[in-house]
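Structure, as structure tokens:
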Amino acid sequence: MTTQPESLEFKAEVQQLLHILSHSLYTEREIFLRELISNASDALNRVQFEMLTNADVRDPELELAVRIDFDEEAKTLTVSDTGIGMTRDELIENLGTIAHSGAMAFLKKLEAEQRIGDIIGQFGVGFYAVFMVADKVSVTSRSYLPDESAWTWVSRGDNTYTLTPAEKETRGTTIEIELKEDAAEFASAWRLEQIVKKHSDFVSFPVYVKDKIANQQAALWRKSPSEVTEDEYNEFYRQLTLDFEKPLLHLHIVTDAPVDIRSVLFVPRHRDRGMFRMRPDHGLKLYSRKVLIQEDNKDMLPEYLRFVEGVVDSTDIPLNVARESVQSTRTMGHIKKALRGRVLKSLRELGEENPEDYKVFWEAFGPFIKEGVAMDFGGRDDVAPLLRFTTSKSNGALVALSEYAARMIEGQNDIYYILGDDLASVARSPHLDALKARNLEVLYLVDPLDAFMVQSLREYEDKPLKNVDDPDLQLPGEPESPPETPAADALSPEVFGKLIMRFKNVLGERVADVRESKLLKDSPCRLVSPDSGPEREMQRVRRLVEQDYTAPVKILEINRGHALIQNLARVIESQFANPLIDLTVEQLFDNLLLLEGLHPNPAQMAPRIQEVLERAVAASAPAGEA
Ligand code: ADP
Ligand code: MG
């Protein structure tokens, strides 16, 4: 074995990153310490876990702690831990390369964000923050594996680093930092203690500055909720997630029976947090008696609540349980049920008590709730109250199903909804004619997920949900002004029959049938589905996901009392061959496709509209003046 330093090159993206960091003028340079402590704490967690499951760990008696030392004269700083340590290969792997192209993603984000401290830890490049304050960094590490020896990794933040065998008797990692001229302030007890307090207060191992513990290492979740202030919850959230915005909601759950649970959970304000994190994975931190046994546990909450962040601790989870079997115990079943219940309850309360915050929640996480309605079979009654809709009466505001139910008219037992692509087109849909006339409210379902969701949500509190394009729709109440045809304008069955024939001839196989509508009021016609079951929603879902899916043809319903229809019938009577007739039929049909979000062929539509206009204008122009 040679003791000559062996020189290696950093990967290109690491070189680029180091160049930026070591020349940076960021004011938040102090966060380098947070990143080093966070790595030390990870390493301590990991060795703690090894000791529970593996008998052969070097130096099992060492105190699990982080120690910070400094020399004001020499302008040096040392951060050491008794964590899991690194072998020679791990030093190369962890400090010489960056997995998941985190560096590139980080650099991109940095261009846009400017606030380095908010993001650096999220990309798996936290260690390199040390080069904001260091001229030279030496990392000496000895792995917990009894057969491994110690190695020193040294870099000046340029393009290379060296590796040398080292003398280090005990397990863990020591990082020695030669501070830059302008970073001498960090070699001070006061300053170091202040930074630890600010950024690493909740790290669960002691962090010593010289011989003094600088963090409270309190397991916040093991305190009584009455002892914890709002600020402490927010600070805990920040240290847990690196999200610098306050959470929307926190829950502190304390139960003793049937299982011991101590949990602090958060609902973030926004959805995109951590998109580029090294561990983009969701999940809760799972502790047993303050020992971290799993980082991203996914079994504690139903999948659709994966936006929830936090910590769960239970003394009833056996410490030596293997990670894989954690999910299968009965205790876990109890915990999951309790957490799910509490999260849904808190969200329902937020909806009732703070509609403004709930709106923020709904905009960020509404899709997850819809997923919950579809997936949480059996628990739907808990989830459905979290849904919000815009409706034909809400003027753009969000309405809960309970509000809808409270406004139902006399005799109404169904909840009506319309599916469509956007609010503007559903609001103008002919399907709404008859419902508006009866003062019936209609839910506007314009999110692609909605079609998927209503297939599962067949009813709410015993009130069935009904699609307004249901061909057998029966409506309660009387229309305010019934769509009654003035006797003078009434079309004879014979004349109306000819009109229907004409529509059938022109549209051919593009419609399943053409018939009179009993419900239309202000619109000349509408399209209804030939199927009345949930297949309609499924067709909608398929149209969105399958590129060349063609929806089954629909039934065209005609409003016998509408002036346009009546005039058209008369033109058919008197000028059977007038080209305007077929043009009008085609255009009425395309209008309906547009309203249904079925996208007619625009290449045919524009010339047709032009022709209709030409004929209409020509017919209106006084004769002989051209
Ligand atoms: P991240 O912590 O997000 O993985 P870092 O750049 O902070 O990214 O650290 C890179 C890797 O280096 C860590 O994942 C870990 O494997 C290793 N590492 C860093 N510091 C230590 C330490 N004190 N003890 C053991 N391993 C460490
Ligand atoms: Mg890190």
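Each chain in the structure tokens gets a letter, A, B, ..., in the order shown, and its residues are numbered from 1; ligands are numbered from 1 in order too.
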- 7 Å shell around ligand 1 using only C-alpha atoms and all ligand atoms, listed as a count of residues only: 23
Excluding range 506-508 of chain A and residues on its chain fewer than 3 positions from it, collect all residues at most 10 Å away from it, counting only C-alpha atoms, and give them as a PDB file with N, CA, C and O atoms, in the first residue's frame.
```pdb
ATOM      1  N   MET A 501     -86.226  14.032 -40.851  1.00  0.00           N
ATOM      2  CA  MET A 501     -85.699  13.233 -41.949  1.00  0.00           C
ATOM      3  C   MET A 501     -84.494  13.912 -42.589  1.00  0.00           C
ATOM      4  O   MET A 501     -83.490  13.277 -42.906  1.00  0.00           O
ATOM      5  N   ARG A 502     -84.610  15.225 -42.765  1.00  0.00           N
ATOM      6  CA  ARG A 502     -83.527  15.964 -43.403  1.00  0.00           C
ATOM      7  C   ARG A 502     -82.240  15.881 -42.570  1.00  0.00           C
ATOM      8  O   ARG A 502     -81.156  15.637 -43.085  1.00  0.00           O
ATOM      9  N   PHE A 503     -82.385  16.072 -41.267  1.00  0.00           N
ATOM     10  CA  PHE A 503     -81.225  15.953 -40.375  1.00  0.00           C
ATOM     11  C   PHE A 503     -80.602  14.568 -40.503  1.00  0.00           C
ATOM     12  O   PHE A 503     -79.387  14.424 -40.603  1.00  0.00           O
ATOM     13  N   VAL A 511     -74.740  10.353 -36.457  1.00  0.00           N
ATOM     14  CA  VAL A 511     -75.644  10.355 -35.292  1.00  0.00           C
ATOM     15  C   VAL A 511     -76.330   9.000 -35.176  1.00  0.00           C
ATOM     16  O   VAL A 511     -76.595   8.328 -36.169  1.00  0.00           O
ATOM     17  N   ALA A 512     -76.625   8.620 -33.928  1.00  0.00           N
ATOM     18  CA  ALA A 512     -77.292   7.342 -33.698  1.00  0.00           C
ATOM     19  C   ALA A 512     -78.789   7.473 -33.978  1.00  0.00           C
ATOM     20  O   ALA A 512     -79.440   6.519 -34.398  1.00  0.00           O
ATOM     21  N   ASP A 513     -79.314   8.679 -33.745  1.00  0.00           N
ATOM     22  CA  ASP A 513     -80.737   8.915 -33.973  1.00  0.00           C
ATOM     23  C   ASP A 513     -80.964  10.429 -33.953  1.00  0.00           C
ATOM     24  O   ASP A 513     -80.126  11.179 -33.454  1.00  0.00           O
ATOM     25  N   VAL A 514     -82.106  10.848 -34.520  1.00  0.00           N
ATOM     26  CA  VAL A 514     -82.507  12.255 -34.404  1.00  0.00           C
ATOM     27  C   VAL A 514     -83.936  12.242 -33.891  1.00  0.00           C
ATOM     28  O   VAL A 514     -84.782  11.509 -34.421  1.00  0.00           O
ATOM     29  N   LEU A 556     -79.045  13.005 -31.572  1.00  0.00           N
ATOM     30  CA  LEU A 556     -79.290  14.439 -31.697  1.00  0.00           C
ATOM     31  C   LEU A 556     -80.738  14.721 -31.299  1.00  0.00           C
ATOM     32  O   LEU A 556     -81.667  14.102 -31.832  1.00  0.00           O
ATOM     33  N   ILE A 581     -79.949  24.998 -46.263  1.00  0.00           N
ATOM     34  CA  ILE A 581     -80.514  24.015 -45.328  1.00  0.00           C
ATOM     35  C   ILE A 581     -79.438  23.049 -44.838  1.00  0.00           C
ATOM     36  O   ILE A 581     -79.193  22.910 -43.639  1.00  0.00           O
ATOM     37  N   ASP A 582     -78.754  22.411 -45.790  1.00  0.00           N
ATOM     38  CA  ASP A 582     -77.746  21.432 -45.383  1.00  0.00           C
ATOM     39  C   ASP A 582     -76.572  22.088 -44.663  1.00  0.00           C
ATOM     40  O   ASP A 582     -76.019  21.535 -43.714  1.00  0.00           O
ATOM     41  N   LEU A 583     -76.222  23.293 -45.143  1.00  0.00           N
ATOM     42  CA  LEU A 583     -75.144  24.016 -44.459  1.00  0.00           C
ATOM     43  C   LEU A 583     -75.516  24.261 -42.998  1.00  0.00           C
ATOM     44  O   LEU A 583     -74.703  24.106 -42.085  1.00  0.00           O
ATOM     45  N   VAL A 585     -77.687  22.568 -41.129  1.00  0.00           N
ATOM     46  CA  VAL A 585     -77.678  21.309 -40.373  1.00  0.00           C
ATOM     47  C   VAL A 585     -76.244  20.934 -39.973  1.00  0.00           C
ATOM     48  O   VAL A 585     -75.953  20.622 -38.817  1.00  0.00           O
ATOM     49  N   GLU A 586     -75.342  21.006 -40.948  1.00  0.00           N
ATOM     50  CA  GLU A 586     -73.938  20.679 -40.667  1.00  0.00           C
ATOM     51  C   GLU A 586     -73.374  21.571 -39.567  1.00  0.00           C
ATOM     52  O   GLU A 586     -72.696  21.121 -38.650  1.00  0.00           O
ATOM     53  N   PHE A 589     -74.663  20.905 -36.094  1.00  0.00           N
ATOM     54  CA  PHE A 589     -74.045  19.690 -35.568  1.00  0.00           C
ATOM     55  C   PHE A 589     -72.622  19.976 -35.074  1.00  0.00           C
ATOM     56  O   PHE A 589     -72.236  19.573 -33.972  1.00  0.00           O
TER      57      PHE A 589
END
```
- Just give me the gap between CA of Leu401 in chain A and CA of Leu527 in chain A in Å, one decimal is fine. 27.0 Å
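You can rank A:Arg34, A:His250, A:Arg171, A:Lys521 by their closest distance to ligand 2 using only C-alpha atoms and all ligand atoms, and at the top of that list sits A:Arg34.
Near Ile409 in chain A, within 12 Å and counting only C-alpha atoms, sit Ile415, Leu435, Lys436, Arg438, Asn439, Leu440, Glu441, Leu475, Pro476, Gly477 and Glu478 of chain A; same-chain residues fewer than 6 positions away were not included.
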- Query: Looking only at the backbone, which of the residues in range 22-191 of chain A does DSSP tag as strand (DSSP E or B), as number ranges by chain?
  - Reply: A: 66-71, 76-81, 134-142, 151-155, 160-165, 172-179
Range 356-378 of chain A near range 453-464 of chain A within 8 Å: what's each residue's closest atom pair and its distance in Å to one decimal, counting only C-alpha atoms, ordered by chain then ascending residue number, as a Markdown table?
```
| residue | atom | partner | partner_atom | distance |
| --- | --- | --- | --- | --- |
| A:Lys370 | CA | A:Met453 | CA | 5.9 |
| A:Glu371 | CA | A:Met453 | CA | 7.0 |
| A:Val373 | CA | A:Met453 | CA | 6.4 |
| A:Ala374 | CA | A:Ser456 | CA | 5.2 |
```
If we count only C-alpha atoms, what is near range 178-186 of chain A at a cut-off of 7 Å, once residues fewer than 4 positions away on the same chain are taken out, given as a compact mmCIF listing (two decimals) with N, CA, C and O atoms, in the first residue's frame?
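Once written, selection12.txt looks like this:
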```
# COMPACT_ATOMS: atom_id res chain seq x y z
N LYS A 75 -7.58 29.76 11.59
CA LYS A 75 -8.77 29.85 10.72
C LYS A 75 -9.13 28.48 10.16
O LYS A 75 -9.30 28.29 8.95
N THR A 76 -9.28 27.53 11.08
CA THR A 76 -9.73 26.20 10.66
C THR A 76 -10.96 25.79 11.46
O THR A 76 -11.21 26.32 12.54
N LEU A 77 -11.66 24.83 10.88
CA LEU A 77 -12.90 24.36 11.46
C LEU A 77 -12.93 22.85 11.25
O LEU A 77 -12.50 22.37 10.21
N VAL A 133 -16.99 28.41 1.70
CA VAL A 133 -16.21 29.04 2.78
C VAL A 133 -14.79 28.48 2.89
O VAL A 133 -14.00 28.97 3.69
N ALA A 134 -14.48 27.43 2.12
CA ALA A 134 -13.21 26.73 2.32
C ALA A 134 -12.23 26.92 1.17
O ALA A 134 -12.61 26.91 0.01
N ASP A 135 -10.93 27.08 1.54
CA ASP A 135 -9.87 27.00 0.54
C ASP A 135 -9.50 25.54 0.31
O ASP A 135 -9.14 25.14 -0.78
N LYS A 136 -9.59 24.77 1.39
CA LYS A 136 -9.18 23.37 1.31
C LYS A 136 -10.02 22.54 2.28
O LYS A 136 -10.28 22.98 3.40
N VAL A 137 -10.44 21.38 1.83
CA VAL A 137 -11.26 20.50 2.66
C VAL A 137 -10.64 19.11 2.70
O VAL A 137 -10.32 18.54 1.65
N ARG A 191 -20.72 32.36 16.85
CA ARG A 191 -21.29 32.25 15.51
C ARG A 191 -21.73 30.81 15.21
O ARG A 191 -22.81 30.57 14.68
N LEU A 192 -20.90 29.86 15.57
CA LEU A 192 -21.23 28.46 15.29
C LEU A 192 -22.47 28.02 16.06
O LEU A 192 -23.36 27.37 15.51
```
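Here CA of Glu50 in chain A and CA of Thr255 in chain A stand 28.9 Å from one another.
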- Query: Could you name the residues that touch Val264 in chain A at 7 Å or less, counting only C-alpha atoms, but leaving out those on the same chain fewer than 3 positions away, as a ChimeraX atom specification?
  - Reply: /A:221,251-253,310-312
Could you save those same residues with C-alpha atoms as a PDB file, in the first residue's frame?
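What ended up in result.pdb:
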```pdb
ATOM      1  CA  TRP A 221     -43.338  14.957  18.432  1.00  0.00           C
ATOM      2  CA  LEU A 251     -51.346  18.054  13.117  1.00  0.00           C
ATOM      3  CA  HIS A 252     -49.899  16.724  16.318  1.00  0.00           C
ATOM      4  CA  ILE A 253     -51.205  13.277  17.108  1.00  0.00           C
ATOM      5  CA  GLY A 310     -43.909  14.435   8.795  1.00  0.00           C
ATOM      6  CA  VAL A 311     -42.743  12.082  11.451  1.00  0.00           C
ATOM      7  CA  VAL A 312     -44.338   9.081  13.131  1.00  0.00           C
TER       8      VAL A 312
END
```
- So which bits of range 286-478 of chain A end up alpha helix (DSSP H) when you DSSP the backbone, as number ranges by chain? A: 330-353, 355-375, 380-383, 401-406, 423-427, 433-437, 448-456
- Message: Counting only C-alpha atoms, which residue out of A:Val383, A:Val291, A:Leu145, A:Val528 sits closest to Pro471 in chain A?
- Response: A:Val528
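The protein and nucleic acid residues lying at most 7 Å from Ser22 in chain A are Phe131, Met132 and Gly157 of chain A, with only C-alpha atoms considered and sequence neighbours fewer than 6 positions away removed.
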Save out the residues we just selected, C-alpha atoms, as a short mmCIF file (atom, residue, chain, number, x, y, z; two decimals), in the first residue's frame.
```cif
data_model
loop_
_atom_site.label_atom_id
_atom_site.label_comp_id
_atom_site.auth_asym_id
_atom_site.auth_seq_id
_atom_site.Cartn_x
_atom_site.Cartn_y
_atom_site.Cartn_z
CA PHE A 131 -16.49 25.19 -0.77
CA MET A 132 -18.28 28.49 -0.36
CA GLY A 157 -12.38 22.92 -4.88
#
```
